[in-house]
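**Q** Sending over a structure as structure tokens; questions will come in a sec.
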Amino acid sequence: MKLKSLTAEEKKLSRALYEEVFSEDSESFVDYYYTEKTEDNQIYVIEEAGEIRAMLHLNPYKLLVNGSEKDANYIVAVATQQSYRKRGYMAALLKNALNEMYHNGETFTFLMPASENIYLPFDFRTVYEQERSYYHKEDMEKGILITTASEEDCEELAEYVSQCLATRYQVYAKRDAAYYKRLIHEYASDGGCLKVYRKDGQIVDVRIDTGEDEPEEKPKIMVRIVDVRRMLMSLRLTSFMGTCFQITDPLIEENNRCVMITGTEFSGVMLMDGKRENSEGTITVAALASLVFGAKTADEICEEDGVTMSERMKEELQKMVPLSHIYLNEVV
């Protein structure tokens, strides 16, 4: 078994496995993916007998988290050739990718699971169900002009959507003209498009037109904390707080640490190394993800294996403002 990162020239060699495992994707979409998305992504593979048998793609995004830009990777196209499954290849790829992201200074990563149960053992937790706005023919109203988005609209789209997201969400992908140019190509590759709604010449909405019925089930997004220190320091507080606790992480050794967390509503979180004798509890990296992204409360994570905390610690953790307003609607 050989685990490696593909060079730019080698990335196309993973297409055969992509088409084998993700046979539901159209050829035109795969053409788009291997033309545009692989320009700046990273592909880890496992080779056996000189052939790619398993892979994992890291697609880079700039995220806004409480107003601060962070580099983050969207994990996609996790696949193993049928006859090479149940050999631990996916686990090896995930552990390698997570540790690489840690050493690259990333805070967390995210993915859209085919099944949540696949990723729960690797400390991913579901924090968001995608909310998408779809175009309907009956949207045509007096005074509203609806057109198909073109590359000429991208700058204006980015400005409009960025303003909307900034007022409503704590976590979302940064919008710029390049983001929308790529998104237009992405939808076009599957016969879809973006529809721009204008009133009095100003954009008032943007929606997806796939030419198909809306999906009944909303895609889920799971996150995995990569660096617990960076994650905690991304949070805001409601008032002065202070507590010390131990964090455990079976995959990223550097996250196993005792931290002293303090701060105010004005300073945000301040973090120091804590002393084990001062610890008020223990939180797993998975439970911490559920807590900081607002999927569970401190009381709820205490019901999970590996989590203990004093009553005082619970009260202090309630002063952290969870990142519960999320808008991660990316497909790939």
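So you can find residues: chains in the structure tokens are A, B, ... in the order shown, residues in each start at 1, and ligands are numbered from 1 in order.
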What lies within 12 Å of stretch 85-87 of chain A using only C-alpha atoms, ignoring chain neighbours under 6 positions off, as a list of chain:residue names?
**A**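 The neighbour list is A:Met1, A:Val21, A:Ile46, A:Glu48, A:Arg53, A:Ala54, A:Met55, A:Ala79, A:Leu93.
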**Q** Deliver the residues from the most recent selection as a file, using N, CA, C and O atoms, as an mmCIF file, in the first residue's frame.
**A**
```cif
data_model
loop_
_atom_site.group_PDB
_atom_site.id
_atom_site.type_symbol
_atom_site.label_atom_id
_atom_site.label_comp_id
_atom_site.auth_asym_id
_atom_site.auth_seq_id
_atom_site.Cartn_x
_atom_site.Cartn_y
_atom_site.Cartn_z
ATOM 1 N N MET A 1 0.844 -1.204 0.000
ATOM 2 C CA MET A 1 0.000 0.000 0.000
ATOM 3 C C MET A 1 0.872 1.244 0.000
ATOM 4 O O MET A 1 1.762 1.385 0.825
ATOM 5 N N VAL A 21 -16.992 4.776 -9.078
ATOM 6 C CA VAL A 21 -17.704 4.839 -7.796
ATOM 7 C C VAL A 21 -18.889 5.799 -7.851
ATOM 8 O O VAL A 21 -19.946 5.532 -7.276
ATOM 9 N N ILE A 46 -4.438 5.997 -2.464
ATOM 10 C CA ILE A 46 -3.708 4.795 -2.076
ATOM 11 C C ILE A 46 -3.558 3.931 -3.316
ATOM 12 O O ILE A 46 -4.545 3.646 -4.013
ATOM 13 N N GLU A 48 -2.172 0.363 -5.048
ATOM 14 C CA GLU A 48 -1.807 -1.044 -4.910
ATOM 15 C C GLU A 48 -1.536 -1.575 -6.313
ATOM 16 O O GLU A 48 -2.294 -1.301 -7.240
ATOM 17 N N ARG A 53 -6.401 2.744 -5.943
ATOM 18 C CA ARG A 53 -7.478 1.909 -5.408
ATOM 19 C C ARG A 53 -8.413 2.672 -4.485
ATOM 20 O O ARG A 53 -9.537 2.242 -4.248
ATOM 21 N N ALA A 54 -7.937 3.778 -3.928
ATOM 22 C CA ALA A 54 -8.760 4.590 -3.035
ATOM 23 C C ALA A 54 -8.296 6.033 -3.135
ATOM 24 O O ALA A 54 -7.137 6.304 -3.481
ATOM 25 N N MET A 55 -9.226 6.974 -2.846
ATOM 26 C CA MET A 55 -8.862 8.398 -2.961
ATOM 27 C C MET A 55 -9.717 9.246 -2.043
ATOM 28 O O MET A 55 -10.776 8.838 -1.568
ATOM 29 N N ALA A 79 -13.512 7.622 -1.954
ATOM 30 C CA ALA A 79 -13.919 6.426 -2.700
ATOM 31 C C ALA A 79 -12.859 5.338 -2.626
ATOM 32 O O ALA A 79 -11.665 5.624 -2.599
ATOM 33 N N LEU A 93 -6.553 7.371 4.720
ATOM 34 C CA LEU A 93 -6.631 8.629 3.962
ATOM 35 C C LEU A 93 -7.146 9.765 4.834
ATOM 36 O O LEU A 93 -6.611 10.883 4.803
#
```
**Q** Give me, as a compact mmCIF listing (two decimals) with N, CA, C and O atoms, in the first residue's frame, all polymer residues having an atom no more than 10 Å from A:Asp40, counting only C-alpha atoms and skipping those fewer than 3 positions away in the same chain.
**A**
```
# COMPACT_ATOMS: atom_id res chain seq x y z
N ALA A 8 -0.15 17.72 -10.05
CA ALA A 8 -1.12 18.30 -11.00
C ALA A 8 -1.27 17.41 -12.22
O ALA A 8 -2.39 17.22 -12.74
N GLU A 36 -11.98 22.06 -13.85
CA GLU A 36 -11.94 23.26 -13.01
C GLU A 36 -11.61 22.98 -11.54
O GLU A 36 -10.73 23.62 -10.96
N LYS A 37 -12.31 22.03 -10.92
CA LYS A 37 -12.11 21.82 -9.48
C LYS A 37 -10.73 21.25 -9.17
O LYS A 37 -10.18 21.51 -8.09
N ILE A 43 -5.49 15.85 -4.04
CA ILE A 43 -6.05 14.51 -4.10
C ILE A 43 -5.05 13.54 -3.47
O ILE A 43 -3.92 13.40 -3.94
N LEU A 58 -9.51 17.07 -1.38
CA LEU A 58 -9.67 18.24 -0.53
C LEU A 58 -9.85 19.45 -1.43
O LEU A 58 -8.93 19.88 -2.11
N ASN A 59 -11.08 19.99 -1.44
CA ASN A 59 -11.38 21.16 -2.25
C ASN A 59 -11.33 22.41 -1.38
O ASN A 59 -12.08 22.52 -0.41
N PRO A 60 -10.43 23.35 -1.69
CA PRO A 60 -10.20 24.50 -0.80
C PRO A 60 -11.27 25.59 -0.92
O PRO A 60 -11.75 25.90 -2.01
```
**Q** May I have all residues of stretch 29-185 of chain A that DSSP, computed from the backbone, assigns to helix (DSSP H, G or I), given as a ChimeraX atom specification?
**A** /A:29-35,37-39,82-84,89-103,116-122,137-139,151-168,177-185
**Q** Show which residues sit within 6 Å of stretch 176-183 of chain A, as an MDAnalysis selection string. Count only C-alpha atoms, and ignore same-chain residues fewer than 6 positions away.
**A** chainID A and resid 151 154:155 158
**Q** For the atom pair atom CA of A:Arg175 and atom CA of A:Ser133, what is the interatomic distance in Å to one decimal place?
**A**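 If I compute the distance from atom CA of A:Arg175 to atom CA of A:Ser133, I get 16.8 Å.
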**Q** Ranking A:Leu194, A:Val30, A:Ile225, A:Ile208 by minimum distance to A:Glu131 and counting only C-alpha atoms, which one comes first?
**A**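 The closest residue to A:Glu131 is A:Ile208.
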**Q** Using only C-alpha atoms, which of A:Tyr327, A:Phe293, A:Tyr187, A:Phe108 sits nearest A:Thr210?
**A** A:Tyr187
**Q** Which value, in Å to one decimal, gives the distance between atom CA of A:Leu63 and atom CA of A:Phe110?
**A**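 Spanning atom CA of A:Leu63 to atom CA of A:Phe110 is a straight-line distance of 11.2 Å.
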**Q** How many Å lie between atom CA of A:Ala114 and atom CA of A:Ala286, rounded to one decimal?
**A**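 Pair atom CA of A:Ala114 / atom CA of A:Ala286 returns 19.0 Å.
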**Q** Which residues come within 8 Å of A:Gly211, counting only C-alpha atoms, excluding same-chain residues fewer than 2 positions away, as a count of residues only?
**A** 4
**Q** So, with only C-alpha atoms as the atoms that count, which of A:Thr308, A:Ser290, A:Ser189, A:Asn329 lies closest to A:Arg125?
**A** A:Ser290
**Q** Between A:His57, A:Lys195, A:His325, A:Lys314, which residue has the minimum interatomic distance to A:Ala298, considering only C-alpha atoms?
**A** A:Lys314
**Q** With only C-alpha atoms counted and 12 Å as the cut-off, give the residues of stretch 73-158 of chain A in contact with stretch 236-256 of chain A, each with its shortest interatomic distance in Å and the pair that gives it, as CSV.
**A**
```
residue,atom,partner,partner_atom,distance
A:Ala91,CA,A:Leu251,CA,9.9
A:Ala92,CA,A:Leu251,CA,10.3
A:Leu93,CA,A:Leu251,CA,11.6
A:Leu94,CA,A:Leu251,CA,9.1
A:Lys95,CA,A:Leu251,CA,6.1
A:Asn96,CA,A:Leu251,CA,9.1
A:Ala97,CA,A:Ile252,CA,10.4
A:Leu98,CA,A:Ile252,CA,7.3
A:Asn99,CA,A:Ile252,CA,6.0
A:Glu100,CA,A:Ile252,CA,9.7
A:Met101,CA,A:Ile252,CA,10.1
A:Tyr102,CA,A:Ile252,CA,7.8
A:His103,CA,A:Glu254,CA,9.7
A:Thr107,CA,A:Asn255,CA,11.4
A:Pro121,CA,A:Pro250,CA,10.1
A:Phe122,CA,A:Leu251,CA,7.7
A:Asp123,CA,A:Asp249,CA,8.4
A:Phe124,CA,A:Leu251,CA,11.6
```
**Q** With only C-alpha atoms as the basis for distance, which of A:Gly306, A:Glu277, A:Val223, A:Thr38 is at the shortest distance from A:Gly294?
**A**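 Using only C-alpha atoms, the shortest distance to A:Gly294 belongs to A:Val223.
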